[in-house]
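Student: One file: my_file.txt (compact mmCIF, C-alpha atoms).
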```txt
# COMPACT_ATOMS: atom_id res chain seq x y z
CA MET A 1 15.80 22.67 -54.39
CA LYS A 2 18.61 20.40 -55.53
CA LEU A 3 19.87 17.35 -53.68
CA VAL A 4 22.91 15.13 -54.29
CA LEU A 5 22.54 11.48 -53.34
CA LEU A 6 25.97 9.88 -52.85
CA ILE A 7 26.54 6.12 -52.77
CA VAL A 8 30.02 4.79 -52.03
CA LEU A 9 30.86 1.42 -53.59
CA TYR A 10 33.58 -1.11 -52.96
CA ASN A 11 33.63 -4.22 -55.18
CA GLN A 12 29.88 -4.03 -55.78
CA ASP A 13 27.98 -3.20 -58.96
CA LEU A 14 24.45 -2.44 -60.12
CA GLU A 15 23.30 -5.94 -59.26
CA SER A 16 24.96 -6.37 -55.86
CA SER A 17 24.69 -2.95 -54.22
CA GLU A 18 21.45 -2.81 -52.24
CA SER A 19 21.64 0.98 -52.02
CA LEU A 20 22.04 1.45 -55.75
CA LYS A 21 19.41 -1.12 -56.69
CA SER A 22 16.85 0.24 -54.25
CA PHE A 23 17.28 3.88 -55.28
CA LEU A 24 17.07 3.11 -59.00
CA ARG A 25 13.63 1.56 -58.48
CA TYR A 26 12.42 5.16 -58.14
CA LYS A 27 14.63 6.74 -60.79
CA ASP A 28 11.76 8.37 -62.71
CA ARG A 29 10.39 9.89 -59.52
CA TYR A 30 13.50 11.85 -58.58
CA SER A 31 15.48 12.53 -61.76
CA GLY A 32 14.44 16.18 -61.78
CA ILE A 33 15.66 17.06 -58.29
CA ILE A 34 18.20 14.42 -57.23
CA LYS A 35 21.65 14.02 -58.76
CA LEU A 36 23.02 10.52 -58.21
CA CYS A 37 26.75 10.44 -57.52
CA ILE A 38 28.58 7.12 -57.36
CA TRP A 39 32.00 7.03 -55.71
CA ASP A 40 33.69 3.74 -56.55
CA ASN A 41 36.68 2.77 -54.40
CA SER A 42 37.09 -0.63 -56.05
CA PRO A 43 40.44 -1.67 -57.58
CA ILE A 44 38.76 -1.90 -60.98
CA PRO A 45 35.69 0.06 -62.15
CA MET A 46 32.45 -1.65 -61.14
CA LEU A 47 30.21 0.53 -63.31
CA ASP A 48 30.25 1.90 -66.83
CA LYS A 49 29.53 5.65 -67.06
CA GLU A 50 27.48 5.31 -70.21
CA VAL A 51 25.38 2.48 -68.79
CA LEU A 52 24.75 4.51 -65.63
CA ASN A 53 23.83 7.61 -67.65
CA ASN A 54 21.41 5.58 -69.75
CA ILE A 55 19.72 4.33 -66.59
CA TYR A 56 19.78 7.65 -64.71
CA ALA A 57 20.77 10.67 -66.77
CA ASN A 58 21.27 13.00 -63.81
CA SER A 59 24.31 11.11 -62.50
CA ALA A 60 28.07 11.26 -62.07
CA TYR A 61 30.60 8.47 -61.56
CA TYR A 62 33.96 8.72 -59.80
CA HIS A 63 36.44 5.86 -59.69
CA TYR A 64 39.29 5.92 -57.14
CA PRO A 65 41.22 2.60 -57.32
CA THR A 66 43.46 3.77 -54.46
CA ASN A 67 40.49 3.27 -52.07
CA ALA A 68 40.29 6.91 -51.03
CA PRO A 69 39.21 7.72 -47.46
CA LEU A 70 35.44 8.06 -47.15
CA SER A 71 35.90 11.46 -45.54
CA PHE A 72 37.75 12.61 -48.66
CA ALA A 73 34.96 11.27 -50.87
CA TYR A 74 32.22 13.05 -48.90
CA ASN A 75 34.04 16.39 -48.97
CA ARG A 76 34.96 16.18 -52.65
CA ILE A 77 31.43 15.36 -53.77
CA ALA A 78 30.11 18.29 -51.74
CA ASP A 79 32.80 20.60 -53.16
CA ASN A 80 31.99 19.47 -56.70
CA ASN A 81 28.28 20.20 -56.25
CA LYS A 82 28.16 23.67 -54.72
CA ASP A 83 25.09 24.47 -56.79
CA SER A 84 23.11 21.85 -54.83
CA ASP A 85 21.41 22.47 -51.50
CA TYR A 86 21.89 19.16 -49.66
CA ILE A 87 23.93 15.99 -49.85
CA MET A 88 22.46 12.66 -48.73
CA ILE A 89 25.06 9.97 -48.04
CA PHE A 90 24.69 6.18 -48.18
CA ASP A 91 27.05 3.26 -48.05
CA GLN A 92 26.50 0.42 -50.52
CA ASP A 93 24.23 -1.82 -48.46
CA SER A 94 21.37 0.33 -47.20
CA MET A 95 17.73 0.05 -48.25
CA ILE A 96 16.79 3.38 -49.84
CA THR A 97 13.02 3.75 -50.02
CA SER A 98 10.87 6.44 -51.61
CA GLU A 99 9.23 6.82 -48.20
CA TYR A 100 12.49 7.94 -46.62
CA VAL A 101 13.52 10.20 -49.49
CA ASP A 102 10.06 11.81 -49.60
CA LYS A 103 10.11 12.42 -45.83
CA VAL A 104 13.54 14.05 -46.06
CA LEU A 105 12.35 16.30 -48.90
CA TYR A 106 9.23 17.19 -46.91
CA GLY A 107 11.33 17.90 -43.81
CA ILE A 108 13.59 20.23 -45.79
CA GLU A 109 10.55 22.03 -47.16
CA GLN A 110 8.84 22.39 -43.78
CA CYS A 111 11.98 23.18 -41.74
CA PRO A 112 14.31 25.19 -43.99
CA ASP A 113 16.47 26.26 -41.04
CA ILE A 114 17.47 22.67 -40.16
CA ASN A 115 20.91 21.71 -41.46
CA LEU A 116 20.98 17.97 -40.81
CA PHE A 117 18.38 15.21 -41.30
CA ILE A 118 18.96 11.59 -40.26
CA PRO A 119 16.93 8.36 -40.17
CA ARG A 120 16.57 6.04 -37.19
CA ILE A 121 18.87 3.03 -37.27
CA ILE A 122 17.76 0.23 -34.95
CA HIS A 123 19.40 -3.11 -34.09
CA ASN A 124 17.67 -5.71 -31.91
CA GLY A 125 15.27 -3.15 -30.53
CA THR A 126 17.96 -0.58 -29.63
CA VAL A 127 18.12 2.77 -31.39
CA LEU A 128 21.79 3.05 -32.39
CA SER A 129 21.28 6.30 -34.29
CA PRO A 130 20.63 8.89 -33.07
CA ALA A 131 22.57 8.28 -29.86
CA LYS A 132 24.23 10.38 -27.17
CA ARG A 133 27.91 10.80 -26.42
CA TYR A 134 29.27 9.93 -22.97
CA LEU A 135 33.01 10.59 -22.89
CA HIS A 136 34.29 8.48 -25.82
CA ARG A 137 31.39 6.02 -25.82
CA GLY A 138 27.85 6.13 -27.07
CA LYS A 139 24.69 5.85 -24.96
CA PHE A 140 21.36 4.80 -26.44
CA PRO A 141 18.58 6.65 -24.62
CA TYR A 142 16.00 7.00 -27.38
CA GLU A 143 12.75 5.08 -27.85
CA THR A 144 12.15 3.32 -31.15
CA ASN A 145 9.64 5.96 -32.25
CA ILE A 146 12.07 8.88 -31.87
CA HIS A 147 11.51 11.53 -34.56
CA GLY A 148 11.29 15.27 -35.03
CA ILE A 149 13.68 18.07 -34.13
CA ILE A 150 16.11 17.20 -31.33
CA SER A 151 19.00 18.96 -29.64
CA SER A 152 22.41 18.30 -31.14
CA LYS A 153 24.08 18.43 -27.70
CA LYS A 154 26.28 15.33 -27.37
CA PHE A 155 24.66 13.93 -30.53
CA ILE A 156 26.07 10.89 -32.35
CA GLY A 157 24.67 9.66 -35.65
CA ILE A 158 25.51 6.88 -38.10
CA MET A 159 26.50 8.21 -41.50
CA SER A 160 24.28 6.19 -43.82
CA GLY A 161 21.17 8.18 -44.69
CA MET A 162 22.47 11.47 -43.32
CA CYS A 163 21.34 14.49 -45.31
CA VAL A 164 23.48 17.60 -44.74
CA ARG A 165 23.19 21.14 -46.04
CA ILE A 166 26.01 21.35 -48.59
CA ASN A 167 27.18 24.87 -47.79
CA LEU A 168 28.07 23.77 -44.26
CA ILE A 169 30.71 21.57 -45.88
CA THR A 170 31.78 23.79 -48.76
CA ASN A 171 32.08 26.84 -46.50
CA ARG A 172 34.10 24.72 -44.04
CA ILE A 173 31.73 25.30 -41.16
CA VAL A 174 31.65 21.53 -40.61
CA ARG A 175 33.81 19.19 -42.72
CA PHE A 176 34.34 15.46 -42.72
CA ASP A 177 37.67 14.92 -40.97
CA GLU A 178 40.13 13.60 -43.55
CA ASN A 179 42.44 12.29 -40.85
CA LEU A 180 39.91 9.45 -40.58
CA ARG A 181 39.68 6.95 -43.43
CA LEU A 182 36.79 4.63 -42.53
CA TYR A 183 35.82 4.32 -38.87
CA GLY A 184 34.89 7.24 -36.67
CA ILE A 185 34.04 9.64 -39.49
CA ASP A 186 30.39 9.84 -38.47
CA SER A 187 31.22 10.23 -34.75
CA LYS A 188 33.73 13.02 -35.42
CA PHE A 189 31.32 14.75 -37.80
CA SER A 190 28.59 14.51 -35.15
CA LEU A 191 30.95 16.01 -32.57
CA ASP A 192 31.90 18.89 -34.85
CA TYR A 193 28.30 19.47 -35.89
CA SER A 194 27.09 19.55 -32.27
CA ARG A 195 29.63 22.27 -31.50
CA LYS A 196 28.42 24.49 -34.33
CA MET A 197 24.70 23.75 -34.68
CA SER A 198 22.04 23.53 -31.98
CA ASN A 199 19.64 20.99 -33.47
CA LEU A 200 18.85 18.46 -36.18
CA MET A 201 15.85 16.48 -37.38
CA VAL A 202 15.28 12.75 -36.97
CA ILE A 203 13.08 11.55 -39.83
CA ASP A 204 10.21 9.27 -38.83
CA HIS A 205 11.69 6.33 -40.71
CA THR A 206 13.84 3.34 -39.74
CA LEU A 207 16.57 2.77 -42.31
CA GLY A 208 17.43 -0.79 -43.27
CA HIS A 209 21.22 -0.87 -42.88
CA ASN A 210 23.86 -3.56 -42.37
CA LEU A 211 26.33 -2.87 -39.55
CA SER A 212 29.76 -4.48 -39.94
CA ILE A 213 30.26 -4.73 -36.19
CA PHE A 214 27.47 -7.33 -36.01
CA GLU A 215 28.50 -9.37 -39.08
CA GLU A 216 29.88 -12.89 -38.86
CA GLU A 217 33.59 -12.69 -39.72
CA ASP A 218 36.78 -14.63 -39.12
CA ILE A 219 38.89 -13.77 -36.07
CA GLU A 220 41.65 -12.01 -38.02
CA THR A 221 39.17 -9.70 -39.75
CA LYS A 222 37.53 -8.93 -36.40
CA LYS A 223 40.93 -8.10 -34.91
CA LYS A 224 41.80 -5.75 -37.77
CA ARG A 225 38.46 -4.00 -37.42
CA PHE A 226 38.94 -3.72 -33.66
CA ILE A 227 42.38 -2.09 -34.04
CA SER A 228 41.12 0.31 -36.72
CA ARG A 229 38.10 1.27 -34.64
CA PHE A 230 40.15 1.89 -31.54
CA LYS A 231 42.69 4.05 -33.39
CA SER A 232 39.83 6.18 -34.67
CA SER A 233 38.28 6.24 -31.18
CA LEU A 234 41.54 7.53 -29.70
CA TYR A 235 41.67 10.29 -32.30
CA TYR A 236 38.00 11.14 -31.77
CA SER A 237 38.21 11.11 -27.97
CA PHE A 238 41.29 13.36 -28.09
CA HIS A 239 39.07 16.02 -29.68
CA ILE A 240 36.38 15.62 -27.01
CA SER A 241 38.33 16.16 -23.80
CA PRO A 242 41.42 14.95 -21.89
CA LEU A 243 39.17 12.79 -19.71
CA ALA A 244 37.51 11.18 -22.73
CA PHE A 245 40.93 10.43 -24.24
CA ALA A 246 42.21 8.97 -20.96
CA THR A 247 39.21 6.66 -20.54
CA CYS A 248 39.46 5.54 -24.18
CA LEU A 249 43.17 4.80 -23.87
CA THR A 250 42.60 2.92 -20.61
CA ALA A 251 39.89 0.80 -22.21
CA PHE A 252 42.20 0.00 -25.12
CA ILE A 253 45.07 -1.03 -22.82
CA ILE A 254 42.77 -3.27 -20.77
CA ARG A 255 41.47 -4.98 -23.91
CA VAL A 256 45.02 -5.55 -25.18
CA VAL A 257 46.32 -6.87 -21.84
CA THR A 258 43.36 -9.25 -21.46
CA LYS A 259 43.58 -10.16 -25.18
CA ARG A 260 39.94 -9.26 -25.77
CA LEU A 261 40.49 -7.92 -29.27
CA VAL A 262 37.22 -9.18 -30.75
```
Translate the structure of the given file into structure tokens.
Tutor:
Amino acid sequence: MKLVLLIVLYNQDLESSESLKSFLRYKDRYSGIIKLCIWDNSPIPMLDKEVLNNIYANSAYYHYPTNAPLSFAYNRIADNNKDSDYIMIFDQDSMITSEYVDKVLYGIEQCPDINLFIPRIIHNGTVLSPAKRYLHRGKFPYETNIHGIISSKKFIGIMSGMCVRINLITNRIVRFDENLRLYGIDSKFSLDYSRKMSNLMVIDHTLGHNLSIFEEEDIETKKKRFISRFKSSLYYSFHISPLAFATCLTAFIIRVVTKRLV
């Protein structure tokens, strides 16, 4: 079994990326089965290929100074690694532990028919991933100990930590929607996956992960994020149903009229 572990960087290096630092603590443990792929969207290269290869020989480095859409990055890494069985995707600021990786590998071994494995992501006692879709919005019905095989019906999952069978992507059964650059990619992927596959597995592990929506930022940055998120939500809801799109558009108009953009 071969697995690709993808980390997407933006203006972070070996010292500042929590995902990269945490995975490399276990480099000797996984070098035989996990290929480390780094996709660097920074304006200038943040890593040196030779340095990376000296640290972890089974690795590949891609630099895209144009800040390529994340959906493009996910699809291209999958397409470039058709000889692998799964791709596990992380952003740059997740805590990757050997416990989580081992549990994913064990889950794949024990449940070879499952195509998607995800961790729990919890914020302030609420399980944000997995979640359920209600029109264009998410609902959070799960207890903090949720794990095991669950139905994919109306499933929503956060991207970081997702482990997907590669041939689903390379055979274009489920792709990452390249009309989305940053926000909404995980929601749209979840929607598409739920329409093709009946179940997935939640790993019994809570992933340490920073969520930008809860970060302290200046008002202008918050506004830009809000607009970007709502544009992606409109696109996503359009693919759910006319009612979902209408409720999403109505919510957007109300927020604009009342000037609640943060």
Student: Please determine, counting only C-alpha atoms, which residue among A:Tyr235, A:Phe155, A:Phe226, A:Phe90 has the shortest atom-to-atom distance to Phe23 of chain A.
Tutor: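 Residue with the minimum atom-to-atom distance to Phe23 of chain A: A:Phe90.
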Student: Using all atoms listed in the file, determine which residues lie at most 8 Å from Tyr183 of chain A, disregarding the query and same-chain residues fewer than 4 positions distant; provide the list as a short mmCIF file (atom, residue, chain, number, x, y, z; two decimals) with C-alpha atoms, in the frame of the given file.
Tutor:
```cif
data_model
loop_
_atom_site.label_atom_id
_atom_site.label_comp_id
_atom_site.auth_asym_id
_atom_site.auth_seq_id
_atom_site.Cartn_x
_atom_site.Cartn_y
_atom_site.Cartn_z
CA SER A 228 41.12 0.31 -36.72
CA ARG A 229 38.10 1.27 -34.64
CA SER A 232 39.83 6.18 -34.67
#
```
Student: At what distance in Å, to one decimal, does atom CA of Lys139 of chain A lie from atom CA of Ser241 of chain A?
Tutor: 17.1 Å
Student: Would you mind telling me which residue in A:Lys21, A:Lys82, A:His147, A:His123 lies nearest to Asp204 of chain A when using all atoms listed in the file?
Tutor: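 Ranked by minimum distance to Asp204 of chain A, first place goes to A:His147.
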Student: For the point (28.2, 4.4, -45.6) in the file's frame, write as an NGL selection string all residues with an atom no more than 10 Å away, counting all atoms listed in the file.
Tutor: :A and (6-9 or 19 or 70 or 89-94 or 158-162 or 182 or 185-186 or 209-211)
Student: Applying 12 Å and all atoms listed in the file, which residues near segment 29-35 of chain A remain after dropping the ones on its own chain fewer than 6 positions away? List them as an mmCIF file with C-alpha atoms, in the frame of the given file.
Tutor:
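part.cif written:
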```
data_model
loop_
_atom_site.group_PDB
_atom_site.id
_atom_site.type_symbol
_atom_site.label_atom_id
_atom_site.label_comp_id
_atom_site.auth_asym_id
_atom_site.auth_seq_id
_atom_site.Cartn_x
_atom_site.Cartn_y
_atom_site.Cartn_z
ATOM 1 C CA MET A 1 15.800 22.670 -54.390
ATOM 2 C CA LYS A 2 18.610 20.400 -55.530
ATOM 3 C CA LEU A 3 19.870 17.350 -53.680
ATOM 4 C CA VAL A 4 22.910 15.130 -54.290
ATOM 5 C CA LEU A 5 22.540 11.480 -53.340
ATOM 6 C CA LEU A 6 25.970 9.880 -52.850
ATOM 7 C CA ILE A 7 26.540 6.120 -52.770
ATOM 8 C CA PHE A 23 17.280 3.880 -55.280
ATOM 9 C CA ASN A 53 23.830 7.610 -67.650
ATOM 10 C CA ILE A 55 19.720 4.330 -66.590
ATOM 11 C CA TYR A 56 19.780 7.650 -64.710
ATOM 12 C CA ALA A 57 20.770 10.670 -66.770
ATOM 13 C CA ASN A 58 21.270 13.000 -63.810
ATOM 14 C CA SER A 59 24.310 11.110 -62.500
ATOM 15 C CA ALA A 60 28.070 11.260 -62.070
ATOM 16 C CA TYR A 61 30.600 8.470 -61.560
ATOM 17 C CA ILE A 77 31.430 15.360 -53.770
ATOM 18 C CA ALA A 78 30.110 18.290 -51.740
ATOM 19 C CA ASN A 80 31.990 19.470 -56.700
ATOM 20 C CA ASN A 81 28.280 20.200 -56.250
ATOM 21 C CA ASP A 83 25.090 24.470 -56.790
ATOM 22 C CA SER A 84 23.110 21.850 -54.830
ATOM 23 C CA ASP A 85 21.410 22.470 -51.500
ATOM 24 C CA TYR A 86 21.890 19.160 -49.660
ATOM 25 C CA ILE A 87 23.930 15.990 -49.850
ATOM 26 C CA MET A 88 22.460 12.660 -48.730
ATOM 27 C CA ILE A 89 25.060 9.970 -48.040
ATOM 28 C CA THR A 97 13.020 3.750 -50.020
ATOM 29 C CA SER A 98 10.870 6.440 -51.610
ATOM 30 C CA GLU A 99 9.230 6.820 -48.200
ATOM 31 C CA VAL A 101 13.520 10.200 -49.490
ATOM 32 C CA ASP A 102 10.060 11.810 -49.600
ATOM 33 C CA LEU A 105 12.350 16.300 -48.900
#
```
Student: Hey, what's within 12 Å of Lys132 of chain A if we count all atoms listed in the file and toss same-chain stuff fewer than 5 positions away? As a short mmCIF file (atom, residue, chain, number, x, y, z; two decimals) with C-alpha atoms, in the coordinates of the input, please?
Tutor:
```cif
data_model
loop_
_atom_site.label_atom_id
_atom_site.label_comp_id
_atom_site.auth_asym_id
_atom_site.auth_seq_id
_atom_site.Cartn_x
_atom_site.Cartn_y
_atom_site.Cartn_z
CA VAL A 127 18.12 2.77 -31.39
CA ARG A 137 31.39 6.02 -25.82
CA GLY A 138 27.85 6.13 -27.07
CA LYS A 139 24.69 5.85 -24.96
CA PHE A 140 21.36 4.80 -26.44
CA PRO A 141 18.58 6.65 -24.62
CA TYR A 142 16.00 7.00 -27.38
CA ILE A 150 16.11 17.20 -31.33
CA SER A 151 19.00 18.96 -29.64
CA SER A 152 22.41 18.30 -31.14
CA LYS A 153 24.08 18.43 -27.70
CA LYS A 154 26.28 15.33 -27.37
CA PHE A 155 24.66 13.93 -30.53
CA ILE A 156 26.07 10.89 -32.35
CA GLY A 157 24.67 9.66 -35.65
CA ILE A 158 25.51 6.88 -38.10
CA SER A 187 31.22 10.23 -34.75
CA SER A 190 28.59 14.51 -35.15
CA LEU A 191 30.95 16.01 -32.57
CA SER A 194 27.09 19.55 -32.27
#
```
Student: Report, in Å with one decimal, the straight-line distance from atom CA of Glu178 of chain A to atom CA of His239 of chain A.
Tutor: 14.1 Å
Student: Can I get the residues of segment 132-232 of chain A within 10 Å of segment 249-254 of chain A, each with the closest pair of atoms and their distance in Å to one decimal, using all atoms listed in the file, sorted chain first then ascending number, as a tab-separated table?
Tutor:
```
residue	atom	partner	partner_atom	distance
A:His136	CA	A:Leu249	CA	9.8
A:Phe226	CA	A:Phe252	CA	9.9
A:Ile227	CA	A:Phe252	CA	9.2
A:Phe230	CA	A:Phe252	CA	7.0
A:Lys231	CA	A:Phe252	CA	9.2
```
Student: Would you work out the distance separating atom CA of Met95 of chain A from atom CA of Thr206 of chain A, expressed in Å to one decimal?
Tutor: 9.9 Å
Student: Can you work out which one of A:Ile44, A:Ile219, A:Leu135, A:Ile96 has the shortest atom-to-atom distance to Phe245 of chain A, counting all atoms listed in the file?
Tutor: A:Leu135
Student: Determine the nearest neighbour of Asn179 of chain A from the options A:Tyr26, A:Tyr236, A:Tyr10, A:Tyr62, counting all atoms listed in the file.
Tutor: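 When distances to Asn179 of chain A are compared using all atoms listed in the file, the smallest one comes from A:Tyr236.
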Student: Which residue gives the smallest distance to Cys111 of chain A among A:Asn11, A:Asn145, A:Val256, A:Met201, with all atoms listed in the file counted?
Tutor: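 Distance minimum relative to Cys111 of chain A lands on A:Met201.
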Student: Counting only C-alpha atoms, figure out which residue out of A:Lys188, A:Gly107, A:Lys196, A:Leu207 gets nearest to Ile173 of chain A.
Tutor: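 Once distances to Ile173 of chain A are computed over only C-alpha atoms, the minimum belongs to A:Lys196.
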